[in-house]
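Participant: Provided herewith: entry_37.txt, compact mmCIF, C-alpha atoms.
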# COMPACT_ATOMS: atom_id res chain seq x y z
CA MET A 1028 -76.11 291.10 17.32
CA THR A 1029 -78.00 293.81 15.49
CA ALA A 1030 -81.57 294.76 16.08
CA LEU A 1031 -82.37 293.36 12.66
CA CYS A 1032 -81.02 289.94 13.68
CA LEU A 1033 -83.03 290.05 16.87
CA ALA A 1034 -86.10 291.00 14.94
CA SER A 1035 -85.60 288.20 12.45
CA GLU A 1036 -85.14 285.69 15.23
CA THR A 1037 -88.20 286.75 17.17
CA PHE A 1038 -90.43 287.26 14.16
CA MET A 1039 -92.98 284.54 13.78
CA PRO A 1040 -94.77 284.30 10.44
CA PRO A 1041 -98.53 284.07 10.90
CA GLU A 1042 -98.69 280.55 9.50
CA LEU A 1043 -96.27 279.30 12.16
CA VAL A 1044 -98.26 280.70 15.07
CA ASP A 1045 -100.00 277.86 16.86
CA GLU A 1046 -103.63 278.01 15.96
CA PRO A 1047 -106.20 275.55 17.23
CA THR A 1048 -107.16 272.93 14.69
CA ASP A 1049 -110.66 272.80 13.27
CA THR A 1050 -111.30 269.69 15.34
CA ASP A 1051 -110.56 271.57 18.58
CA VAL A 1052 -112.57 274.59 17.52
CA VAL A 1053 -115.52 272.45 16.43
CA ARG A 1054 -115.54 270.74 19.84
CA LYS A 1055 -115.64 274.11 21.59
CA ALA A 1056 -118.39 275.33 19.29
CA ALA A 1057 -120.40 272.15 19.82
CA ALA A 1058 -120.22 272.84 23.56
CA GLY A 1059 -121.94 276.17 22.93
CA ASP A 1060 -118.96 278.47 22.37
CA ARG A 1061 -120.23 281.02 19.84
CA ARG A 1062 -116.80 282.66 19.47
CA ALA A 1063 -115.34 279.34 18.42
CA PHE A 1064 -118.07 279.04 15.84
CA GLU A 1065 -117.24 282.52 14.60
CA MET A 1066 -113.66 281.33 14.10
CA LEU A 1067 -114.96 278.49 11.95
CA TYR A 1068 -117.01 280.95 9.95
CA ARG A 1069 -113.95 283.13 9.35
CA ARG A 1070 -111.92 280.14 8.22
CA HIS A 1071 -114.44 278.64 5.82
CA SER A 1072 -116.77 281.41 4.67
CA SER A 1073 -114.88 282.21 1.45
CA ARG A 1074 -114.94 278.67 0.11
CA VAL A 1075 -118.56 278.22 1.10
CA TYR A 1076 -119.57 281.60 -0.28
CA GLY A 1077 -117.83 280.92 -3.59
CA ALA A 1078 -119.71 277.67 -4.13
CA VAL A 1079 -123.07 279.13 -3.10
CA LEU A 1080 -122.51 282.24 -5.20
CA ARG A 1081 -121.97 280.12 -8.33
CA LEU A 1082 -125.08 278.06 -7.60
CA ALA A 1083 -127.08 281.23 -7.00
CA GLY A 1084 -126.10 282.48 -10.44
CA TYR A 1085 -123.79 285.16 -9.02
CA ASP A 1086 -126.67 286.82 -7.20
CA HIS A 1087 -124.73 288.20 -4.22
CA ALA A 1088 -127.75 289.09 -2.07
CA ARG A 1089 -129.17 285.61 -2.49
CA ALA A 1090 -125.78 283.99 -1.85
CA GLU A 1091 -125.34 285.99 1.34
CA ASP A 1092 -128.72 284.88 2.59
CA LEU A 1093 -128.02 281.23 1.75
CA VAL A 1094 -124.61 281.30 3.43
CA GLN A 1095 -126.13 282.77 6.56
CA GLU A 1096 -128.77 280.06 6.54
CA ALA A 1097 -126.13 277.38 6.03
CA PHE A 1098 -124.07 278.55 9.00
CA VAL A 1099 -127.15 278.76 11.22
CA ARG A 1100 -128.03 275.18 10.21
CA ALA A 1101 -124.43 274.15 10.87
CA TRP A 1102 -124.62 275.61 14.38
CA GLN A 1103 -127.83 273.71 15.04
CA LYS A 1104 -126.36 270.47 13.69
CA LEU A 1105 -122.90 270.70 15.26
CA ASP A 1106 -123.86 268.05 17.80
CA SER A 1107 -124.33 265.58 14.96
CA PHE A 1108 -120.95 266.34 13.33
CA ARG A 1109 -118.93 263.16 13.83
CA HIS A 1110 -115.53 264.33 12.51
CA GLU A 1111 -115.66 261.63 9.82
CA SER A 1112 -114.82 264.32 7.26
CA SER A 1113 -113.14 267.66 7.77
CA PHE A 1114 -115.33 270.49 9.00
CA GLY A 1115 -114.55 272.34 5.75
CA THR A 1116 -116.00 269.53 3.67
CA TRP A 1117 -118.98 269.20 5.97
CA ILE A 1118 -119.92 272.89 5.92
CA TYR A 1119 -119.30 273.05 2.15
CA ARG A 1120 -121.71 270.15 1.55
CA LEU A 1121 -124.22 271.62 3.97
CA ALA A 1122 -124.10 274.99 2.23
CA VAL A 1123 -124.39 273.47 -1.24
CA ASN A 1124 -127.31 271.43 0.01
CA THR A 1125 -128.94 274.57 1.40
CA ALA A 1126 -128.56 276.26 -1.98
CA LEU A 1127 -129.97 273.22 -3.80
CA MET A 1128 -132.88 273.04 -1.37
CA SER A 1129 -133.73 276.61 -2.21
CA ILE A 1130 -133.63 275.74 -5.92
CA ARG A 1131 -135.93 272.78 -5.31
CA ALA A 1132 -138.22 274.86 -3.08
CA ARG A 1133 -138.61 277.45 -5.79
CA ASN A 1134 -139.83 274.60 -7.98
CA ALA A 1135 -138.18 276.34 -10.84
CA ASP A 1136 -139.01 274.96 -14.20
CA PRO A 1137 -135.74 274.77 -16.07
CA VAL A 1138 -137.41 275.43 -19.39
CA SER A 1139 -139.78 278.21 -18.44
CA ILE A 1140 -137.18 280.56 -16.99
CA LEU A 1141 -134.91 280.63 -19.97
CA ASP A 1142 -135.64 278.65 -23.05
CA ASP A 1143 -134.26 278.89 -26.52
CA GLU A 1144 -136.78 281.55 -27.56
CA HIS A 1145 -135.76 283.87 -24.73
CA MET A 1146 -132.05 283.47 -25.16
CA PRO A 1147 -130.28 286.77 -25.52
CA ASP A 1148 -128.88 287.09 -28.99
CA GLN A 1149 -125.13 287.45 -28.80
CA GLY A 1150 -124.65 287.45 -32.56
CA ASP A 1151 -121.28 286.21 -33.67
CA THR A 1152 -119.32 287.58 -30.71
CA PRO A 1153 -116.40 285.19 -30.27
CA PHE A 1154 -115.91 283.60 -26.87
CA CYS A 1155 -113.06 285.16 -25.00
CA PRO A 1156 -111.61 282.90 -22.28
CA ALA A 1157 -110.05 285.81 -20.47
CA GLU A 1158 -113.39 287.37 -19.74
CA ARG A 1159 -114.22 285.61 -16.59
CA ASP A 1160 -116.94 288.06 -15.72
CA GLU A 1161 -118.67 287.31 -18.96
CA LEU A 1162 -118.59 283.59 -18.25
CA GLU A 1163 -119.96 284.16 -14.73
CA ARG A 1164 -122.67 286.40 -16.08
CA ALA A 1165 -123.57 283.78 -18.67
CA ILE A 1166 -123.81 281.10 -15.98
CA GLY A 1167 -126.03 283.44 -14.01
CA THR A 1168 -128.55 283.58 -16.84
CA LEU A 1169 -129.04 279.81 -16.94
CA PRO A 1170 -132.17 278.19 -15.49
CA PRO A 1171 -131.54 277.29 -11.83
CA ARG A 1172 -131.56 273.51 -12.18
CA ALA A 1173 -129.48 273.45 -15.33
CA ARG A 1174 -127.08 275.89 -13.71
CA ALA A 1175 -126.89 273.76 -10.57
CA VAL A 1176 -125.97 270.67 -12.61
CA LEU A 1177 -123.45 272.61 -14.69
CA VAL A 1178 -121.80 274.22 -11.66
CA LEU A 1179 -121.71 271.04 -9.60
CA HIS A 1180 -120.35 268.92 -12.46
CA ASP A 1181 -118.11 271.25 -14.42
CA VAL A 1182 -116.93 273.62 -11.70
CA GLU A 1183 -117.17 271.71 -8.43
CA GLY A 1184 -116.27 268.35 -9.98
CA TRP A 1185 -119.18 266.34 -8.65
CA LYS A 1186 -120.28 263.07 -10.27
CA HIS A 1187 -123.69 262.70 -11.89
CA GLU A 1188 -124.70 260.17 -9.23
CA GLU A 1189 -124.05 262.71 -6.45
CA ILE A 1190 -125.83 265.48 -8.31
CA ALA A 1191 -128.82 263.26 -9.03
CA THR A 1192 -129.08 262.32 -5.35
CA GLU A 1193 -128.83 265.88 -4.10
CA LEU A 1194 -131.22 267.30 -6.66
CA GLY A 1195 -133.66 264.40 -6.44
CA MET A 1196 -133.46 263.46 -10.10
CA ALA A 1197 -132.41 260.47 -12.18
CA VAL A 1198 -128.78 260.18 -13.26
CA GLY A 1199 -129.92 260.34 -16.87
CA THR A 1200 -131.76 263.59 -16.16
CA SER A 1201 -128.63 265.05 -14.63
CA LYS A 1202 -126.67 264.16 -17.78
CA ALA A 1203 -129.37 265.62 -19.98
CA GLN A 1204 -129.46 268.81 -17.91
CA LEU A 1205 -125.69 269.14 -18.20
CA HIS A 1206 -125.82 268.72 -21.97
CA ARG A 1207 -128.56 271.30 -22.19
CA ALA A 1208 -126.80 273.71 -19.82
CA ARG A 1209 -123.61 273.54 -21.85
CA GLY A 1210 -125.56 274.22 -25.00
CA LEU A 1211 -127.35 277.17 -23.43
CA LEU A 1212 -124.06 278.52 -22.11
CA LYS A 1213 -122.53 278.39 -25.55
CA ARG A 1214 -125.53 280.21 -26.92
CA VAL A 1215 -125.28 282.91 -24.28
CA LEU A 1216 -121.60 283.28 -24.97
CA GLY A 1217 -122.33 283.56 -28.63
CA GLU A 1218 -120.89 280.27 -29.75
CA ARG A 1219 -122.59 277.71 -31.91
CA PRO A 1220 -123.70 274.72 -29.81
CA MET B 674 -114.43 275.51 -28.04
CA ASN B 675 -113.91 271.84 -27.29
CA GLU B 676 -114.99 270.09 -24.08
CA PHE B 677 -111.51 270.10 -22.61
CA GLU B 678 -111.21 273.84 -23.03
CA HIS B 679 -114.71 274.32 -21.64
CA LEU B 680 -113.87 272.26 -18.54
CA ARG B 681 -110.59 274.07 -18.07
CA GLN B 682 -112.35 277.41 -17.99
CA MET B 683 -115.13 276.15 -15.77
CA ARG B 684 -112.73 274.64 -13.23
CA ALA B 685 -110.90 277.95 -13.14
CA LEU B 686 -114.04 279.42 -11.62
CA LYS B 687 -113.72 277.16 -8.58
CA GLN B 688 -112.15 279.70 -6.30
CA PRO B 689 -113.00 280.98 -2.86
CA VAL B 690 -114.88 284.26 -2.95
CA ALA B 691 -114.99 286.49 0.10
CA PRO B 692 -118.43 287.95 0.77
CA SER B 693 -118.54 291.66 0.03
CA ARG B 694 -119.50 292.29 3.67
CA ASP B 695 -119.00 290.50 6.98
CA LEU B 696 -121.92 288.11 7.39
CA TRP B 697 -121.07 287.05 10.94
CA ALA B 698 -123.17 289.68 12.73
CA ASP B 699 -126.26 288.53 10.83
CA ILE B 700 -125.46 284.86 11.40
CA ASP B 701 -125.01 285.53 15.12
CA ARG B 702 -128.34 287.35 15.24
CA ARG B 703 -130.11 284.53 13.40
CA ILE B 704 -128.63 281.92 15.74
CA GLU B 705 -129.75 283.97 18.73
CA ALA B 706 -133.25 284.34 17.30
CA SER B 707 -133.56 280.66 16.43
CA GLU B 708 -132.42 279.64 19.91
CA ARG B 709 -134.91 281.99 21.50
CA ALA B 710 -137.72 280.79 19.25
CA ALA B 711 -137.18 277.07 19.59
CA SER B 712 -136.38 275.74 23.02
CA PRO B 713 -134.91 272.47 21.61
CA GLY B 714 -132.32 274.63 19.86
CA ARG B 715 -131.18 275.89 23.25
CA ALA B 716 -130.70 272.42 24.55
CA ARG B 717 -126.97 272.78 25.23
CA GLN B 718 -126.94 275.35 28.01
CA PRO B 719 -130.22 274.51 29.75
CA ARG B 720 -129.10 270.89 30.05
CA ARG B 721 -126.02 272.05 31.94
CA TRP B 722 -128.10 274.44 34.00
CA LEU B 723 -130.57 271.68 34.82
CA ALA B 724 -127.79 269.38 35.98
CA VAL B 725 -126.38 272.08 38.25
CA ALA B 726 -129.86 272.77 39.64
CA ALA B 727 -130.42 269.05 40.28
CA ILE B 728 -127.11 268.71 42.13
CA ALA B 729 -127.84 271.82 44.21
CA MET B 730 -131.28 270.50 45.09
CA LEU B 731 -129.85 267.14 46.11
CA ALA B 732 -127.29 268.86 48.30
CA VAL B 733 -129.96 270.96 50.00
CA LEU B 734 -132.17 267.92 50.54
CA SER B 735 -129.43 265.78 51.98
CA GLY B 736 -128.22 268.67 54.14
CA GLY B 737 -131.72 269.23 55.46
CA LEU B 738 -132.14 265.53 56.10
CA GLY B 739 -128.85 265.38 57.96
CA LEU B 740 -129.83 268.39 60.04
CA ARG B 741 -133.17 266.85 60.87
CA LEU B 742 -131.46 263.62 61.81
CA ALA B 743 -129.09 265.48 64.07
CA MET B 744 -131.82 267.52 65.73
CA GLN B 745 -134.37 264.70 65.97
CA PRO B 746 -135.45 264.29 69.62
CA ALA B 747 -134.78 260.81 70.84
CA ALA B 748 -138.31 260.41 72.16
CA VAL B 749 -140.19 260.79 68.87
CA THR B 750 -140.43 257.08 68.27
CA PRO B 751 -138.57 254.27 69.86
CA THR B 752 -137.69 252.78 66.45
CA VAL B 753 -136.11 255.99 65.30
CA ALA B 754 -134.15 256.23 68.49
CA THR B 755 -132.96 252.69 68.02
CA ALA B 756 -132.08 253.36 64.39
CA LYS B 757 -130.18 256.52 65.34
CA ALA B 758 -128.38 254.81 68.14
CA TRP B 759 -127.08 252.02 65.98
CA LYS B 760 -123.79 252.83 64.30
CA PRO B 761 -121.95 249.90 62.76
CA ASP B 762 -118.24 249.71 63.46
CA ASP B 763 -117.51 248.48 59.96
CA PRO B 764 -117.05 251.58 57.80
CA ARG B 765 -118.36 249.67 54.77
CA LEU B 766 -121.76 249.42 56.43
CA THR B 767 -121.97 252.92 57.83
CA GLY B 768 -123.38 254.54 54.67
CA ALA B 769 -126.09 251.95 54.26
CA ALA B 770 -126.98 252.18 57.96
CA VAL B 771 -127.39 255.96 57.77
CA GLU B 772 -129.55 255.63 54.65
CA LEU B 773 -131.76 253.03 56.27
CA SER B 774 -132.02 255.01 59.47
CA SER B 775 -133.18 258.12 57.69
CA ALA B 776 -135.61 256.11 55.57
CA HIS B 777 -136.97 254.50 58.72
CA MET B 778 -137.35 257.86 60.39
CA GLU B 779 -139.19 259.35 57.39
CA LEU B 780 -141.49 256.36 57.21
CA SER B 781 -142.21 256.49 60.93
CA GLN B 782 -143.17 260.15 60.67
CA ALA B 783 -145.35 259.41 57.68
CA MET B 784 -146.99 256.62 59.63
CA GLN B 785 -147.91 259.11 62.34
CA GLN B 786 -149.79 261.08 59.71
CA SER B 787 -151.46 258.03 58.11
CA PRO B 788 -151.31 255.16 60.54
CA ASP B 789 -153.60 252.96 58.43
CA SER B 790 -151.59 253.14 55.22
CA ALA B 791 -150.80 249.59 54.13
CA ALA B 792 -148.14 250.76 51.70
CA LEU B 793 -146.29 252.65 54.44
CA GLN B 794 -146.49 249.66 56.74
CA ARG B 795 -145.04 247.43 54.04
CA LEU B 796 -142.22 249.89 53.42
CA LEU B 797 -141.50 250.23 57.11
CA LEU B 798 -141.39 246.47 57.51
CA ARG B 799 -139.09 246.10 54.56
CA THR B 800 -136.79 248.82 55.92
CA GLU B 801 -136.66 247.10 59.27
CA ARG B 802 -135.84 243.77 57.60
CA GLN B 803 -133.02 245.49 55.71
CA GLN B 804 -131.73 246.99 58.94
CA ASP B 805 -131.83 243.54 60.55
CA ARG B 806 -129.94 242.12 57.63
CA LEU B 807 -127.34 244.85 57.98
CA ARG B 808 -126.91 244.09 61.65
CA HIS B 809 -126.57 240.43 60.79
CA LEU B 810 -123.89 241.30 58.23
CA GLU B 811 -122.05 243.33 60.85
CA GLN B 812 -122.11 240.44 63.26
CA GLN B 813 -120.79 238.13 60.57
CA ALA B 814 -118.02 240.57 59.76
CA GLY B 815 -117.12 240.48 63.43
Could you express the structure from this file as structure tokens?
Facilitator:
Amino acid sequence: MTALCLASETFMPPELVDEPTDTDVVRKAAAGDRRAFEMLYRRHSSRVYGAVLRLAGYDHARAEDLVQEAFVRAWQKLDSFRHESSFGTWIYRLAVNTALMSIRARNADPVSILDDEHMPDQGDTPFCPAERDELERAIGTLPPRARAVLVLHDVEGWKHEEIATELGMAVGTSKAQLHRARGLLKRVLGERP
Amino acid sequence: MNEFEHLRQMRALKQPVAPSRDLWADIDRRIEASERAASPGRARQPRRWLAVAAIAMLAVLSGGLGLRLAMQPAAVTPTVATAKAWKPDDPRLTGAAVELSSAHMELSQAMQQSPDSAALQRLLLRTERQQDRLRHLEQQAG
């Protein structure tokens, strides 16, 4: 048997190495094990950060702060986590909620931050689907509440009822905000609404 | 661009994004600070510590009590001597007898300090009745 065969027999791909499940790690963390909680952070930070970053209008400094706050809140609330959903879903919702709370706390007026008069003029530049950065930048220019509705509905796939509950608004307002946000986005991207 | 195309592009944005730097050190610091600031936040470990302290205190108390029982001179009070002398043969009654004996001894000592205390007298009487009942039970058990 060659060394290569031996190596191939003993090699264990990383995904096959026994790793503790989230449920086990959450239990350890809930008992006060900070290293277990760090493991949860490492597993879920990218998904959480992505969602918060979009809600924060691609403001990285703000997203970092919100993600830190979300994980601190998660640590404090771990005792109340009942394993009814996965930890990933729980921390994602908690982080999104933290971001939305910050939007609500800022009491941002969706119209005053960026209204039609202050829209950057993009002329007749055609929309290019490949330019992801441009789309992200355009989302970043939207008023916070309109952006939150747009991101939650069109990107994250939430329903208007959920958005309305989380943002403390009527379902009709959520629909109106989405319509407006899409219109503003098209304007920013240089399309006709 | 129609709505379908718009949604397709928007959904494509739903991807995990790794933070540009490791946020764990800051999170760890914030957790530490919040736990220091708010004592309810530190509830997990102190609760365990408190339980250990309570058990240790109980052990010391019962040890001390046992020692005092063992070293108690027989002539302190006749009741105590009687209580100490009585050891039921039935192992099921032994624990209760020891408890009652020590309670009786404590009450007798307290009575020496405050002989006029009605509450202590009541407690002593009740303890003696319980001891009588225990003796009665032992006799019944044969």
Participant: Give the residues of chain B that lie within 9 Å of chain A; count only C-alpha atoms, and format the answer as a PDB file with C-alpha atoms, keeping the file's coordinate frame.
Facilitator:
ATOM      1  CA  MET B 674    -114.430 275.510 -28.040  1.00  0.00           C
ATOM      2  CA  HIS B 679    -114.710 274.320 -21.640  1.00  0.00           C
ATOM      3  CA  LEU B 680    -113.870 272.260 -18.540  1.00  0.00           C
ATOM      4  CA  ARG B 681    -110.590 274.070 -18.070  1.00  0.00           C
ATOM      5  CA  GLN B 682    -112.350 277.410 -17.990  1.00  0.00           C
ATOM      6  CA  MET B 683    -115.130 276.150 -15.770  1.00  0.00           C
ATOM      7  CA  ARG B 684    -112.730 274.640 -13.230  1.00  0.00           C
ATOM      8  CA  ALA B 685    -110.900 277.950 -13.140  1.00  0.00           C
ATOM      9  CA  LEU B 686    -114.040 279.420 -11.620  1.00  0.00           C
ATOM     10  CA  LYS B 687    -113.720 277.160  -8.580  1.00  0.00           C
ATOM     11  CA  GLN B 688    -112.150 279.700  -6.300  1.00  0.00           C
ATOM     12  CA  PRO B 689    -113.000 280.980  -2.860  1.00  0.00           C
ATOM     13  CA  VAL B 690    -114.880 284.260  -2.950  1.00  0.00           C
ATOM     14  CA  ALA B 691    -114.990 286.490   0.100  1.00  0.00           C
ATOM     15  CA  PRO B 692    -118.430 287.950   0.770  1.00  0.00           C
ATOM     16  CA  SER B 693    -118.540 291.660   0.030  1.00  0.00           C
ATOM     17  CA  ARG B 694    -119.500 292.290   3.670  1.00  0.00           C
ATOM     18  CA  LEU B 696    -121.920 288.110   7.390  1.00  0.00           C
ATOM     19  CA  TRP B 697    -121.070 287.050  10.940  1.00  0.00           C
ATOM     20  CA  ASP B 699    -126.260 288.530  10.830  1.00  0.00           C
ATOM     21  CA  ILE B 700    -125.460 284.860  11.400  1.00  0.00           C
ATOM     22  CA  ASP B 701    -125.010 285.530  15.120  1.00  0.00           C
ATOM     23  CA  ARG B 703    -130.110 284.530  13.400  1.00  0.00           C
ATOM     24  CA  ILE B 704    -128.630 281.920  15.740  1.00  0.00           C
ATOM     25  CA  SER B 707    -133.560 280.660  16.430  1.00  0.00           C
ATOM     26  CA  GLU B 708    -132.420 279.640  19.910  1.00  0.00           C
ATOM     27  CA  GLY B 714    -132.320 274.630  19.860  1.00  0.00           C
ATOM     28  CA  ARG B 717    -126.970 272.780  25.230  1.00  0.00           C
ATOM     29  CA  GLN B 718    -126.940 275.350  28.010  1.00  0.00           C
TER      30      GLN B 718
END
Participant: How far is it from CA of Gln786 in chain B to CA of Ala769 in chain B, in Å with one decimal?
Facilitator: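 Between these atoms lies a distance of 26.0 Å.
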Participant: Which residues are near Val1053 in chain A? Cut-off 8 Å, only C-alpha atoms, ignore same chain within fewer than 3 positions. Put them as a ChimeraX atom specification.
Facilitator: /A:1049-1050,1056-1057,1063-1064,1067,1105,1114
